Amino acid sequence: MDLRDEARKAQQTARDEILSSKSLDDLKSARTKHLGRKGVLTLLLRKLGQAAPDERKELGRLLNEAKDELLGLVDSRTDELKQATYASDLTGESLDVTLPGRKFRTGRRNLAVEMMNKIVDVFVGMGFTSVEGPEIETEYNNFDALNFPAWHPSRDDHDSFYVGEGHVLRTHTSPAQIRVMKSQPPPVRVVVPGRCHRRDTPDASHLMSFLQIEGLYVDHDVSMADLKGTLAAFAREIYGEETKVRFRPHFFPFTEPSAELDISCLVCGGKGCRLCKQSGWLEVLGCGMVHPNVYKHVGYDSLGVTGYAFGMGVERVAMLKYGIGDIRMLYDNDLRFLSQF
Ligand code: PHE
C-alpha cells in the first residue's frame, strides 16, 4: 500500500472515530490517537521523507488537508457533545413549578403557657404589672414570711423539694409577694407567673411541676370588695360573660380572711352534673386579704395599708376551660391532643 492510500485510510478511520465519539473523554482520546504527537497522521507526515520527491509535495498537501479537516471535526464534535451534556443536565435537574408546595410545620406554645400568657394579659389590662421570682426560694420566703408555722405539714420534706440548707423549690408563687413588697413601697399591684414544684405523685389533677399565677394588690383602703370585683372580671374574661362566681370561706396562713373562688359549672351552668359533682360549682383559685403578719415580715406593718392576694394553678384554669380531664395530657407531647387548642 502506498503512502497516499495509507493516508486516506488513516483519515477515514480518524474521521469515523471522532464523529462517533460519545463523550468528551472519548473524543479526547481519539484526538490523541490520531492527531497527537505520536498520532497516526503525525507518523505519516514524518514518513514523507521516504516518498519519491515528485509525490512528496502532493502527499504533504493531502496530509495537511486531512489534519485540518480532522481538527475542524474535533472542534465541532466538542461543541455538540457539550451541548448534549448541558441539555441532559437540565432535564435531570428540572423543576416542576406545578407541583404543590411542601408545608412547613411551625411549632407553637404549649396550651398551659398560652393560658398563662392570656391570664397575665387579662390582669395587665386591669392595671397589674407582671413580674417574676426565682424557682429556688429561701425557706423563709416560701414559708416563714408567709406565716407558715414551723410545724406546718407542707414544710415537711415529704411534701417539698429542699435544695441545700434553707432553700426549697418554691411550692407556690406566693414567696414573690415577699420579694416584691420588700423591694418597693406601696402601692403594689403585680401578677407573678411561674413554675412551682411539689412532692406529689402525678395523677389526673397533680404534677410535681406546674404553673401558677400570683396576684397581689396592696394600697390604702383595698377591700375584699375590690378582690371580688377583680376576680369576677377575670372569670368572665376567661370563661365567658355568663360565668357566675362565688367566694367560699377557706384557710391560708398568709391571708385572713381567706376564700376559694368557684365559678358556675361550665357544663351544666349551675344545675348540677357529673363534672361539678352535682354542686353546680367548680373550684378555680385561692385568695384572701393579706395577713397582718406578712406585712410585719416585709416592713409594711406601720403603713396602715390593706391588700389582697390570689393564686391560681394555670393548668387547672385551662383544664376547666377546655374540659380536659387529666392534667398529664398537657405535657405528654401528643400533638393529636395539643394541636386541638
Ligand atoms: N399560694 C396558695 C396555693 O398555692 C394560693 C394563694 C395565693 C392563696 C394567694 C391565697 C392568696 O395554694
# chains A, B, ... in the order shown; residues from 1 in each chain; ligands from 1
$ residues_around --residues "Tyr217 (chain A)" --least-positions-apart "6" --cutoff "7 Å" --atoms "only C-alpha atoms" --output "NGL selection string"
:A and (188-190 or 307-309)
$ residues_around --residues "Pro175 (chain A)" --least-positions-apart "6" --cutoff "8 Å" --atoms "only C-alpha atoms" --output "CSV table (one decimal) with C-alpha atoms, in the first residue's frame"
chain,number,residue,atom,x,y,z
A,137,GLU,CA,-36.5,30.1,97.0
A,141,ASN,CA,-39.8,33.5,101.7
A,142,ASN,CA,-41.6,30.3,100.8
A,143,PHE,CA,-42.9,29.6,104.3
A,145,ALA,CA,-42.6,35.2,105.9
A,146,LEU,CA,-45.9,33.9,104.7
$ select_by_dssp --residues "region 17-244 of chain A" --states "alpha helix (DSSP H)" --output "PyMOL selection string"
chain A and resi 17-19+24-35+40-47+53-92+111-124+139-142+175-183+224-239
$ residues_near_ligand --ligand "ligand 1" --cutoff "7 Å" --atoms "only C-alpha atoms and all ligand atoms" --output "list in words"
Thr171, His172, Thr173, Ser174, Glu214, Gly215, Phe252, Phe254, Thr255, Ser258, Leu285, Gly286, Cys287, Gly288, Ala309, Phe310, Gly311 and Met312 of chain A
$ write_last_selection --atoms "all heavy atoms" --output "compact mmCIF listing (two decimals), in the first residue's frame"
# COMPACT_ATOMS: atom_id res chain seq x y z
N THR A 171 -42.95 26.15 96.33
CA THR A 171 -44.13 25.29 96.25
C THR A 171 -45.33 26.07 95.74
O THR A 171 -46.39 25.51 95.47
CB THR A 171 -44.46 24.70 97.62
OG1 THR A 171 -44.71 25.79 98.53
CG2 THR A 171 -43.29 23.88 98.15
N HIS A 172 -45.17 27.38 95.68
CA HIS A 172 -46.20 28.26 95.14
C HIS A 172 -45.53 29.58 94.74
O HIS A 172 -44.35 29.78 95.04
CB HIS A 172 -47.34 28.49 96.14
CG HIS A 172 -46.90 28.92 97.52
ND1 HIS A 172 -47.77 29.24 98.53
CD2 HIS A 172 -45.66 29.07 98.07
CE1 HIS A 172 -47.10 29.57 99.63
NE2 HIS A 172 -45.82 29.48 99.37
N THR A 173 -46.27 30.46 94.05
CA THR A 173 -45.67 31.73 93.65
C THR A 173 -45.78 32.79 94.74
O THR A 173 -45.26 33.90 94.59
CB THR A 173 -46.33 32.27 92.35
OG1 THR A 173 -47.74 32.07 92.43
CG2 THR A 173 -45.77 31.54 91.12
N SER A 174 -46.42 32.45 95.86
CA SER A 174 -46.63 33.44 96.93
C SER A 174 -45.34 34.06 97.49
O SER A 174 -45.37 35.22 97.89
CB SER A 174 -47.47 32.83 98.06
OG SER A 174 -48.73 32.43 97.56
N GLU A 214 -49.62 34.32 90.64
CA GLU A 214 -49.91 35.00 91.89
C GLU A 214 -50.43 36.39 91.57
O GLU A 214 -50.03 36.99 90.57
CB GLU A 214 -48.60 35.14 92.68
CG GLU A 214 -48.77 35.57 94.11
CD GLU A 214 -49.20 34.41 94.98
OE1 GLU A 214 -49.21 33.25 94.49
OE2 GLU A 214 -49.54 34.64 96.15
N GLY A 215 -51.31 36.90 92.40
CA GLY A 215 -51.73 38.29 92.26
C GLY A 215 -51.59 38.99 93.61
O GLY A 215 -51.82 38.37 94.66
N PHE A 252 -55.82 30.02 104.45
CA PHE A 252 -54.41 30.06 104.07
C PHE A 252 -53.68 30.79 105.18
O PHE A 252 -54.22 31.74 105.75
CB PHE A 252 -54.20 30.81 102.73
CG PHE A 252 -54.87 30.14 101.56
CD1 PHE A 252 -56.06 30.66 101.04
CD2 PHE A 252 -54.32 29.00 100.98
CE1 PHE A 252 -56.69 30.05 99.96
CE2 PHE A 252 -54.95 28.39 99.89
CZ PHE A 252 -56.13 28.91 99.38
N PHE A 254 -51.36 32.92 105.09
CA PHE A 254 -50.90 34.28 104.77
C PHE A 254 -52.01 35.22 104.34
O PHE A 254 -51.74 36.34 103.88
CB PHE A 254 -49.81 34.22 103.68
CG PHE A 254 -50.13 33.21 102.58
CD1 PHE A 254 -50.76 33.63 101.41
CD2 PHE A 254 -49.83 31.87 102.74
CE1 PHE A 254 -51.06 32.72 100.41
CE2 PHE A 254 -50.13 30.94 101.74
CZ PHE A 254 -50.75 31.37 100.58
N THR A 255 -53.27 34.76 104.43
CA THR A 255 -54.40 35.67 104.16
C THR A 255 -55.45 35.49 105.25
O THR A 255 -55.62 34.40 105.80
CB THR A 255 -55.05 35.38 102.78
OG1 THR A 255 -55.23 33.97 102.63
CG2 THR A 255 -54.21 35.94 101.64
N SER A 258 -59.67 34.25 104.28
CA SER A 258 -59.27 33.57 103.05
C SER A 258 -60.50 32.97 102.37
O SER A 258 -61.51 32.72 103.04
CB SER A 258 -58.29 32.43 103.36
OG SER A 258 -57.15 32.90 104.05
N LEU A 285 -59.53 28.94 92.30
CA LEU A 285 -58.30 29.50 92.87
C LEU A 285 -58.47 29.85 94.35
O LEU A 285 -59.58 29.83 94.89
CB LEU A 285 -57.86 30.74 92.08
CG LEU A 285 -58.82 31.92 91.94
CD1 LEU A 285 -58.89 32.78 93.20
CD2 LEU A 285 -58.37 32.81 90.78
N GLY A 286 -57.35 30.17 94.99
CA GLY A 286 -57.34 30.61 96.39
C GLY A 286 -57.04 32.09 96.46
O GLY A 286 -56.32 32.64 95.63
N CYS A 287 -57.62 32.74 97.49
CA CYS A 287 -57.40 34.18 97.61
C CYS A 287 -57.70 34.65 99.04
O CYS A 287 -58.12 33.86 99.88
CB CYS A 287 -58.30 34.93 96.62
SG CYS A 287 -60.06 34.59 96.84
N GLY A 288 -57.49 35.91 99.29
CA GLY A 288 -57.81 36.45 100.61
C GLY A 288 -57.15 37.80 100.83
O GLY A 288 -56.43 38.30 99.96
N ALA A 309 -54.56 39.14 97.98
CA ALA A 309 -53.68 38.29 97.18
C ALA A 309 -54.51 37.15 96.63
O ALA A 309 -55.56 36.78 97.20
CB ALA A 309 -52.53 37.75 98.02
N PHE A 310 -54.09 36.61 95.52
CA PHE A 310 -54.74 35.40 95.00
C PHE A 310 -53.68 34.57 94.30
O PHE A 310 -52.59 35.07 93.94
CB PHE A 310 -55.90 35.74 94.04
CG PHE A 310 -55.50 36.59 92.86
CD1 PHE A 310 -54.96 36.03 91.71
CD2 PHE A 310 -55.69 37.97 92.90
CE1 PHE A 310 -54.60 36.82 90.63
CE2 PHE A 310 -55.32 38.78 91.82
CZ PHE A 310 -54.78 38.20 90.69
N GLY A 311 -53.97 33.29 94.15
CA GLY A 311 -53.03 32.41 93.45
C GLY A 311 -53.81 31.31 92.75
O GLY A 311 -54.73 30.73 93.33
N MET A 312 -53.44 31.08 91.49
CA MET A 312 -54.19 30.05 90.75
C MET A 312 -53.25 29.10 90.02
O MET A 312 -52.14 29.46 89.64
CB MET A 312 -55.14 30.72 89.74
CG MET A 312 -54.43 31.47 88.64
SD MET A 312 -55.61 32.34 87.58
CE MET A 312 -55.73 33.93 88.39
$ residues_around --residues "Met126 (chain A)" --least-positions-apart "4" --cutoff "12 Å" --atoms "only C-alpha atoms" --output "PyMOL selection string"
chain A and resi 119-122+130+189-191+215+217+226+229-231+233-234+237
$ residues_around --residues "Arg56 (chain A)" --least-positions-apart "5" --cutoff "12 Å" --atoms "only C-alpha atoms" --output "list of chain:residue names"
A:Leu3, A:Arg4, A:Leu44, A:Leu45, A:Arg46, A:Lys47, A:Leu48, A:Gly49, A:Gln50, A:Ala51, A:Arg61, A:Leu62, A:Leu63
$ residues_around --residues "Asp25 (chain A)" --least-positions-apart "3" --cutoff "12 Å" --atoms "only C-alpha atoms" --output "list in words"
Ile18, Ser21, Lys22, Lys28, Ser29, Ala30, Arg31, Thr32, Val74, Arg77, Thr78, Leu81 and Lys82 of chain A
$ closest_residue --among "A:Lys244, A:Lys38, A:Arg170, A:Lys228" --to "Gly269 (chain A)" --atoms "only C-alpha atoms"
A:Lys244
$ atom_distance --atom1 "CA of Phe251 (chain A)" --atom2 "CA of Pro149 (chain A)"
13.7 Å
$ residues_around --residues "region 320-325 of chain A" --least-positions-apart "5" --cutoff "8 Å" --atoms "only C-alpha atoms" --output "PDB file with N, CA and C atoms, in the first residue's frame"
ATOM      1  N   ALA A 204     -54.378  12.483  87.876  1.00  0.00           N
ATOM      2  CA  ALA A 204     -55.177  13.265  86.923  1.00  0.00           C
ATOM      3  C   ALA A 204     -55.220  14.755  87.261  1.00  0.00           C
ATOM      4  N   ILE A 238     -62.133  34.992  81.115  1.00  0.00           N
ATOM      5  CA  ILE A 238     -61.586  33.689  80.707  1.00  0.00           C
ATOM      6  C   ILE A 238     -62.700  32.707  80.332  1.00  0.00           C
ATOM      7  N   TYR A 239     -63.785  32.704  81.108  1.00  0.00           N
ATOM      8  CA  TYR A 239     -64.791  31.641  80.926  1.00  0.00           C
ATOM      9  C   TYR A 239     -66.078  32.118  80.256  1.00  0.00           C
ATOM     10  N   LEU A 266     -69.230  24.929  84.018  1.00  0.00           N
ATOM     11  CA  LEU A 266     -69.176  25.260  82.592  1.00  0.00           C
ATOM     12  C   LEU A 266     -69.992  24.286  81.757  1.00  0.00           C
TER      13      LEU A 266
END
$ atom_distance --atom1 "CA of Pro153 (chain A)" --atom2 "CA of His250 (chain A)"
17.0 Å
$ select_by_dssp --residues "region 243-285 of chain A" --states "strand (DSSP E)" --output "count of residues only"
23
$ residues_around --residues "Gly164 (chain A)" --least-positions-apart "6" --cutoff "12 Å" --atoms "only C-alpha atoms" --output "list in words"
Ile136, Glu137, Thr138, Glu139 and Asp157 of chain A
$ atom_distance --atom1 "CA of Asp5 (chain A)" --atom2 "CA of Leu35 (chain A)"
17.7 Å
